Amino acid sequence: MSAATSASADQTMSTRLDSPAVLASARALLRDGRREEAEDLLKTALLADSSLTDVRRELAVLLVASGRRDEALPLWCAELRSGQSGLSWMQDLLQAALERPDLTLAGDFAVLTAQARWGDSSISAERAEIPLSVPKLWHDIEQFRYLRRLGLLGRDYETLIEAYQTVHDRLARRGPDAREPLDPHGDPGFADAYNRLHHVRHVPRVARALSECWDPSAVEEQYLTNPPGVVYVDNFLADEALEGLYHFCLESTIWSGNRYAHGRLGAFLQDGFSCPLLMQIAEELRAALPRLIGVRYPLRQMWGFKCGPELPADATTHADFAAVNVNFWITPDHANLHGTSGGLVVHDIDAPLSWDFDTYNGRADLIRPFLQQRQARRMVIPYRQNRAVIFNSDLFHASDMVHFRPGYENLRVNVTMLYGDREEETHHRQLSGPETAPLRPPWRSAVFDRTRLRG
């Protein structure tokens, strides 16, 4: 067949296999249980015209639903390269799976999104937007060294560690809070490696994730009958689950979020903070607390934070967008040098519904006088490994003073799971009263209210 004939055939195939027709035919085949034929049809269409975005997305989801996540990854990467709509599609898929709820599928979507965003050195635009910071570079150096000691990274990482150390030392000379943009055209070895998924520990499900040492019914009763809705649980996870999650956080190079003050680092569901065990914990919580969470409040977000060795008290006061917050700690107690602190401070006042996210989540200059005016009371829950605090997520809260031992393995790690939406919280509503607008100090111009402060 001549090149002209081949091109004509390809054009005819592309015309015949337009997206709506292909999707309709593939979905009809799926309804009839003819999955392989549906898959073949989608692949044929993409071979004829790789620009058929809807067809590519349909095939990607079909592969994931068939348990073939590795085969779906190239399609995920292609979507990300297609522009912002690709990332929006991924986020919509994840939220729909959480809403369903199908947390296994949501976990697969989250892992694929993280792999597409952070796993391939050729996709560097988004990573380049995350600035270099002294705490982030220190963390990554120490994590690489930790993984080298375990034999989980090769000898070639010694060169990368040296490159990281050079950048760290140069930046640290400007001060502990110094930050600068990543130069994608600088040292290619360093730039290509920054914020990549070098290693993610596989942590499977266990026989039972939640410990049998606490009584879910008693926890529900205490939460529901005692405003404003705060209860803590010791021995929260079963030993096997606690150990698996601790090592997941130590070993996985997922800690990309560094916009937070005092050197804190974050990792979110869509950025790699996902594994079968985490999704199992989230599922078991909904089942164990049917009146408190249950079907009423789907999982909305999940994250982990690392901080230490020092964090001043009241440095992170905020509220969250959810109805119920489950926050638990996994670093061993011997890391904590101040046994009565290091945990969580929860105020008995919630964020007014009229406040937007940027205000109730980051405007300390408004939150503090608001709490003072309301004569808010503080509930202090000290740090303990494997202690969970379950509370009304709309209550203002903050990490208590942290004074932990130096060293990578001693960083304080907390895990947060958010269920439901703050607007739909029905258990304890509304403690702050009918406030219609955030307080503004008289000297402050309204223009500042449009500026989002970064922790």
# chains A, B, ... in the order shown; residues from 1 in each chain; ligands from 1

call {"tool": "select_by_dssp", "arguments": {"residues": "segment 231-349 of chain A", "states": "strand (DSSP E or B)", "output": "JSON, numbers by chain"}}
result
{"A": [231, 232, 233, 237, 257, 265, 266, 267, 268, 299, 300, 301, 302, 303, 304, 305, 306, 307, 310, 311, 318, 324, 325, 326, 327, 328, 329, 336, 344, 345, 346, 347, 348, 349]}

call {"tool": "write_last_selection", "arguments": {"atoms": "C-alpha atoms", "output": "PDB file, in the first residue's frame"}}
result
ATOM      1  CA  VAL A 231     -13.169  12.856  71.135  1.00  0.00           C
ATOM      2  CA  TYR A 232      -9.811  11.120  71.113  1.00  0.00           C
ATOM      3  CA  VAL A 233      -8.986   7.427  70.813  1.00  0.00           C
ATOM      4  CA  LEU A 237      -4.799   1.288  64.576  1.00  0.00           C
ATOM      5  CA  GLY A 257       4.094  20.279  49.519  1.00  0.00           C
ATOM      6  CA  LEU A 265       5.897  19.339  54.500  1.00  0.00           C
ATOM      7  CA  GLY A 266       2.626  17.965  53.175  1.00  0.00           C
ATOM      8  CA  ALA A 267       1.562  15.066  50.961  1.00  0.00           C
ATOM      9  CA  PHE A 268      -1.981  14.864  49.606  1.00  0.00           C
ATOM     10  CA  LEU A 299     -14.244  10.837  52.232  1.00  0.00           C
ATOM     11  CA  ARG A 300     -13.276  14.173  50.661  1.00  0.00           C
ATOM     12  CA  GLN A 301      -9.521  14.394  51.140  1.00  0.00           C
ATOM     13  CA  MET A 302      -6.633  12.718  52.897  1.00  0.00           C
ATOM     14  CA  TRP A 303      -3.152  13.951  53.674  1.00  0.00           C
ATOM     15  CA  GLY A 304      -0.059  13.559  55.792  1.00  0.00           C
ATOM     16  CA  PHE A 305       2.142  16.240  57.311  1.00  0.00           C
ATOM     17  CA  LYS A 306       5.690  16.107  58.611  1.00  0.00           C
ATOM     18  CA  CYS A 307       7.141  18.676  60.965  1.00  0.00           C
ATOM     19  CA  GLU A 310      10.386  22.534  66.531  1.00  0.00           C
ATOM     20  CA  LEU A 311       7.009  24.169  65.937  1.00  0.00           C
ATOM     21  CA  HIS A 318      -7.324  27.163  61.034  1.00  0.00           C
ATOM     22  CA  VAL A 324     -15.691  15.453  60.364  1.00  0.00           C
ATOM     23  CA  ASN A 325     -11.926  15.380  60.816  1.00  0.00           C
ATOM     24  CA  VAL A 326     -10.021  12.229  61.817  1.00  0.00           C
ATOM     25  CA  ASN A 327      -6.443  13.132  62.742  1.00  0.00           C
ATOM     26  CA  PHE A 328      -3.947  10.588  64.066  1.00  0.00           C
ATOM     27  CA  TRP A 329      -0.232  10.426  64.845  1.00  0.00           C
ATOM     28  CA  ASN A 336       8.632  13.608  71.608  1.00  0.00           C
ATOM     29  CA  LEU A 344      -3.571  19.179  68.923  1.00  0.00           C
ATOM     30  CA  VAL A 345      -5.360  22.243  70.277  1.00  0.00           C
ATOM     31  CA  VAL A 346      -9.067  22.413  69.388  1.00  0.00           C
ATOM     32  CA  HIS A 347     -11.165  25.507  70.113  1.00  0.00           C
ATOM     33  CA  ASP A 348     -14.854  25.206  70.933  1.00  0.00           C
ATOM     34  CA  ILE A 349     -15.770  27.740  68.221  1.00  0.00           C
TER      35      ILE A 349
END

call {"tool": "residues_around", "arguments": {"residues": "Asp177 of chain A", "least_positions_apart": "2", "cutoff": "12 Å", "atoms": "only C-alpha atoms", "output": "VMD selection string"}}
result
chain A and resid 131 to 137 168 171 to 175 179 to 180 258 to 264

call {"tool": "select_by_dssp", "arguments": {"residues": "segment 321-380 of chain A", "states": "helix (DSSP H, G or I)", "output": "ChimeraX atom specification"}}
result
/A:333-335,357-362,364-373

call {"tool": "atom_distance", "arguments": {"atom1": "atom CA of Thr359 of chain A", "atom2": "atom CA of Gly229 of chain A"}}
result
22.3 Å

call {"tool": "closest_atom_pairs", "arguments": {"of": "segment 191-309 of chain A", "to": "segment 90-108 of chain A", "cutoff": "9 Å", "atoms": "only C-alpha atoms", "output": "tab-separated table"}}
result
residue	atom	partner	partner_atom	distance
A:Leu269	CA	A:Gly107	CA	8.2
A:Gln270	CA	A:Gln91	CA	7.7
A:Ser274	CA	A:Gly107	CA	6.0
A:Cys275	CA	A:Gly107	CA	6.6
A:Pro276	CA	A:Gly107	CA	6.9
A:Leu278	CA	A:Gly107	CA	8.6
A:Met279	CA	A:Leu103	CA	5.9
A:Gln280	CA	A:Leu103	CA	7.9
A:Ala282	CA	A:Leu103	CA	8.0
A:Glu283	CA	A:Leu103	CA	7.1
A:Val295	CA	A:Pro101	CA	8.7
A:Tyr297	CA	A:Glu99	CA	8.9
A:Pro298	CA	A:Glu99	CA	5.8
A:Leu299	CA	A:Leu98	CA	6.0
A:Arg300	CA	A:Leu98	CA	6.7
A:Gln301	CA	A:Leu98	CA	8.8

call {"tool": "residues_around", "arguments": {"residues": "segment 65-73 of chain A", "least_positions_apart": "2", "cutoff": "9 Å", "atoms": "only C-alpha atoms", "output": "PyMOL selection string"}}
result
chain A and resi 59-63+75-78+105+108-109+112-113+115-116

call {"tool": "residues_around", "arguments": {"residues": "Asn392 of chain A", "least_positions_apart": "3", "cutoff": "9 Å", "atoms": "only C-alpha atoms", "output": "PyMOL selection string"}}
result
chain A and resi 223+228-230+322-325+350+395+422+425+427-428

call {"tool": "residues_around", "arguments": {"residues": "segment 148-152 of chain A", "least_positions_apart": "5", "cutoff": "9 Å", "atoms": "only C-alpha atoms", "output": "PyMOL selection string"}}
result
chain A and resi 143+157-158+199+251

call {"tool": "write_last_selection", "arguments": {"atoms": "N, CA and C atoms", "output": "PDB file, in the first residue's frame"}}
result
ATOM      1  N   GLN A 143      16.070  11.681  53.655  1.00  0.00           N
ATOM      2  CA  GLN A 143      15.267  10.546  53.205  1.00  0.00           C
ATOM      3  C   GLN A 143      16.052   9.681  52.217  1.00  0.00           C
ATOM      4  N   TYR A 157      22.623   7.162  43.651  1.00  0.00           N
ATOM      5  CA  TYR A 157      21.994   8.239  44.413  1.00  0.00           C
ATOM      6  C   TYR A 157      22.991   9.006  45.276  1.00  0.00           C
ATOM      7  N   GLU A 158      24.184   8.467  45.476  1.00  0.00           N
ATOM      8  CA  GLU A 158      25.187   9.214  46.227  1.00  0.00           C
ATOM      9  C   GLU A 158      25.541  10.506  45.496  1.00  0.00           C
ATOM     10  N   HIS A 199      10.827   6.555  45.119  1.00  0.00           N
ATOM     11  CA  HIS A 199      10.475   5.275  45.751  1.00  0.00           C
ATOM     12  C   HIS A 199       9.168   5.462  46.509  1.00  0.00           C
ATOM     13  N   GLU A 251       9.464   5.956  54.019  1.00  0.00           N
ATOM     14  CA  GLU A 251      10.152   5.530  52.803  1.00  0.00           C
ATOM     15  C   GLU A 251       9.659   6.218  51.532  1.00  0.00           C
TER      16      GLU A 251
END
